[in-house]
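Colleague: Before we start, here is the structure in question, set down as structure tokens.
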Amino acid sequence: MLPCVKETEKMDDIDTMFSHLLGEMEHLSQSLEPAADSPEVDPASQTESTFSIGFTDLNESLNELEDHDLDALVADLGSKSTKKTSTSADNQTAASAMTLQSEPAAALPPPPNTAESSGVLQASKPQTKADKIKLALEKLKEAKVRKLIVKVLMSDGSSKTLMVDERQTVREVLDNLFEKTHCDRSIDWSLCETNPELQIERGFEDHEYLVEPLSAWTRHTENKICFVSRPQKYVMFTDPQLFYMWKKKRERLSGINEQAKQLLLQEHFGGSTLIVPDLEGTLYLKEDGKKVWKPRYFVLRASGIYYVPKGKTKSSSDLACFVRFEKVDIYTTNSYKQKYRAPTNFCFTLKHPCIQKESDYIKFLCCDDKHTLSLWVNSIRIAKYGTVLYKNYQAAMTRASGLQTLRSAAHKDRSNGHVEDYPHEPPPDFIPPPPPAGHTQV
């Protein structure tokens, strides 16, 4: 009788595992449905399937299931995914109306990849157990993907509403906006977040996942996302001499040829390690909780910003750490001469992305002029993101040059008698949006 007992215990374990999974999926489904409109649950439907999976090791748990159990699991996940898709747009619209100021659900595009992926999965029905396990894992992953409905503001007062999931980078969202606006694909185009309360803004880097920083916004935030052209987005690569030869007079740097620029890029970004600009100089530091700014001598390093304490020398052994870059983002400011009595309006701040209001943990620094501000802001970006920033630039250049090639081919076709326009060519009346009014462009 012992083998029978073991077999029974094994089946009981599988039943328990399946029940756990159904509970998890039901919880996910219910969290996406409006509480007021929740339909009554049919008790019979709850007893149709009584299996679950342990989430500690999905592959092992799924392999223990019989084929008919896997079929039932995939069917159950598919029905829940369909039900969730039909209700998630309305729910996310309601949530985003409070947090991201979204438009009505009628204006929303379908969730990315959902219909396409489900169509592919349905077209090729899994035959082997491995295929069924893979399908179940894909559906489980899809059920856990965070999505946000985002309204992106244009300079003319219009907006574009997008549904973005946590797997999409800023680069992918920009490509989506290029399709919607029919603008040129210049490397200067950026997505920027603005914080009216702190009067700051930041351009998202192309490799960032957009949902992550937006998830740090508070419920009743006035923050906005703007689609703007930032001419200095990649200035450290178009004019590397400004950052790696900054001690020389700017008049001499303006005449440097393209070959010399490429040599600088190869020297500082082409090796196994990144070389950060050896930037240093006097900046004004705002004292915590006061509208008082005092000059300090700061030095840039790959790990962070350091300063020279009073009575000490500029040697590395005497430097004290001011801030490290791992958990802070850099923001440019607007009208800090008026808001905080800064010496100039050329200021920048360093703060954790979760800090959305005034705090002693925000670092305020002020520069003498626009050029110095550009040096510090973009050199900090180099130190923080390293070679990833250079890869972003190369990818943006590849896209821009590819578009130019297609346009040239389309123009040649029209010259030869073809009348079909290139689909991504901007309309004759298209005007690129300028940066937000009152902002110091860096």
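Chain labels run A, B, ... following the order of the structure tokens; each chain numbers its residues from 1, and ligands are numbered from 1 in the order shown.
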Need the shell around Pro353 of chain A: protein/DNA/RNA residues with any atom at most 9 Å away, counting only C-alpha atoms. Skip same-chain ones fewer than 3 positions apart. Format as an MDAnalysis selection string?
Modeller: chainID A and resid 213 216:217 327:329 356
Colleague: From segment 205-425 of chain A, collect each residue whose DSSP state is strand (DSSP E or B) and return the set as an NGL selection string.
Modeller: :A and (209 or 224-229 or 280-286 or 293-300 or 304-307 or 320-324 or 329-333 or 347-351 or 363-366)
Colleague: Using only C-alpha atoms, which protein or nucleic acid residues come within 6 Å of segment 223-237 of chain A? Drop anything in the same chain fewer than 3 positions from it, and give the result as a PyMOL selection string.
Modeller: chain A and resi 152-154+188-195+240+435+442
Colleague: Can you spit out the residues from that selection as an mmCIF file, in the first residue's frame, using C-alpha atoms?
Modeller:
```
data_model
loop_
_atom_site.group_PDB
_atom_site.id
_atom_site.type_symbol
_atom_site.label_atom_id
_atom_site.label_comp_id
_atom_site.auth_asym_id
_atom_site.auth_seq_id
_atom_site.Cartn_x
_atom_site.Cartn_y
_atom_site.Cartn_z
ATOM 1 C CA VAL A 152 2.961 63.287 -23.786
ATOM 2 C CA LEU A 153 2.716 67.056 -24.274
ATOM 3 C CA MET A 154 3.730 68.857 -27.480
ATOM 4 C CA ASP A 188 18.085 65.755 -30.552
ATOM 5 C CA TRP A 189 14.519 64.551 -29.858
ATOM 6 C CA SER A 190 13.950 63.717 -26.209
ATOM 7 C CA LEU A 191 11.341 62.803 -23.657
ATOM 8 C CA CYS A 192 11.574 65.119 -20.649
ATOM 9 C CA GLU A 193 9.926 65.074 -17.257
ATOM 10 C CA THR A 194 9.064 68.393 -15.628
ATOM 11 C CA ASN A 195 8.383 68.995 -11.940
ATOM 12 C CA PRO A 240 33.904 66.054 -27.500
ATOM 13 C CA PRO A 435 11.818 73.792 -25.885
ATOM 14 C CA VAL A 442 21.383 72.274 -21.596
#
```
Colleague: Set out as a tab-separated table a contact list for segment 253-278 of chain A and segment 371-393 of chain A with a cut-off of 9 Å, giving each residue of segment 253-278 of chain A that qualifies its closest atom pair and distance in Å to one decimal, counting only C-alpha atoms, ordered by chain and rising residue number.
Modeller:
```
residue	atom	partner	partner_atom	distance
A:Phe269	CA	A:Thr387	CA	6.5
A:Gly270	CA	A:Thr387	CA	8.7
A:Thr273	CA	A:Thr387	CA	8.3
A:Leu274	CA	A:Gly386	CA	6.2
A:Ile275	CA	A:Ala383	CA	8.4
A:Val276	CA	A:Ala383	CA	5.7
A:Pro277	CA	A:Ser379	CA	6.4
A:Asp278	CA	A:Ser379	CA	9.0
```
Colleague: What would the file look like if the residues just selected were written as a short mmCIF file (atom, residue, chain, number, x, y, z; two decimals), in the first residue's frame with N, CA and C atoms?
Modeller:
```cif
data_model
loop_
_atom_site.label_atom_id
_atom_site.label_comp_id
_atom_site.auth_asym_id
_atom_site.auth_seq_id
_atom_site.Cartn_x
_atom_site.Cartn_y
_atom_site.Cartn_z
N PHE A 269 36.12 56.75 -25.39
CA PHE A 269 34.97 55.85 -25.35
C PHE A 269 35.21 54.53 -26.06
N GLY A 270 36.29 54.41 -26.81
CA GLY A 270 36.50 53.21 -27.60
C GLY A 270 37.26 52.11 -26.90
N THR A 273 37.64 50.76 -20.86
CA THR A 273 37.13 51.57 -19.75
C THR A 273 36.84 52.98 -20.23
N LEU A 274 35.86 53.60 -19.63
CA LEU A 274 35.47 54.96 -19.97
C LEU A 274 36.36 55.96 -19.26
N ILE A 275 36.73 57.02 -19.96
CA ILE A 275 37.51 58.10 -19.36
C ILE A 275 36.59 59.30 -19.14
N VAL A 276 36.38 59.66 -17.89
CA VAL A 276 35.50 60.76 -17.53
C VAL A 276 36.26 62.08 -17.66
N PRO A 277 35.62 63.15 -18.15
CA PRO A 277 36.30 64.45 -18.21
C PRO A 277 36.85 64.86 -16.84
N ASP A 278 38.09 65.36 -16.84
CA ASP A 278 38.73 65.75 -15.57
C ASP A 278 38.28 67.16 -15.19
#
```
Colleague: Could you pull out all residues of segment 223-385 of chain A with a DSSP call of alpha helix (DSSP H) and give them as a count of residues only?
Modeller: 44
Colleague: Using only C-alpha atoms, determine which residues lie at most 10 Å from Ser215 of chain A, disregarding the query and same-chain residues fewer than 3 positions distant; provide the list as a ChimeraX atom specification.
Modeller: /A:99-100,146,148,166,210-212,218-219,353-354
Colleague: Go ahead and dump the residues you just picked, N, CA and C atoms, as a compact mmCIF listing (two decimals), in the first residue's frame.
Modeller:
```txt
# COMPACT_ATOMS: atom_id res chain seq x y z
N THR A 99 -2.87 60.25 -11.86
CA THR A 99 -1.43 60.33 -11.72
C THR A 99 -0.72 60.89 -12.93
N LEU A 100 -1.15 60.54 -14.13
CA LEU A 100 -0.46 61.00 -15.33
C LEU A 100 -1.32 61.87 -16.22
N ARG A 146 3.69 45.49 -15.81
CA ARG A 146 3.06 46.75 -15.46
C ARG A 146 2.86 47.61 -16.71
N LEU A 148 1.30 51.59 -18.04
CA LEU A 148 0.82 52.92 -17.69
C LEU A 148 0.31 53.61 -18.94
N GLU A 166 6.33 48.14 -18.89
CA GLU A 166 7.62 48.24 -18.22
C GLU A 166 8.78 47.71 -19.05
N LEU A 210 10.80 53.60 -19.33
CA LEU A 210 10.01 54.77 -18.97
C LEU A 210 9.11 54.55 -17.77
N VAL A 211 8.54 53.34 -17.62
CA VAL A 211 7.60 53.08 -16.53
C VAL A 211 8.27 53.24 -15.17
N GLU A 212 9.54 52.91 -15.07
CA GLU A 212 10.23 52.93 -13.77
C GLU A 212 10.26 54.31 -13.14
N THR A 218 4.06 60.94 -7.45
CA THR A 218 3.01 60.84 -6.44
C THR A 218 1.63 60.84 -7.10
N ARG A 219 0.62 60.49 -6.31
CA ARG A 219 -0.72 60.29 -6.84
C ARG A 219 -1.32 61.54 -7.48
N PRO A 353 15.23 59.94 -7.57
CA PRO A 353 14.00 60.09 -8.36
C PRO A 353 12.72 60.01 -7.54
N CYS A 354 12.75 59.40 -6.36
CA CYS A 354 11.54 59.29 -5.54
C CYS A 354 11.23 60.58 -4.79
```
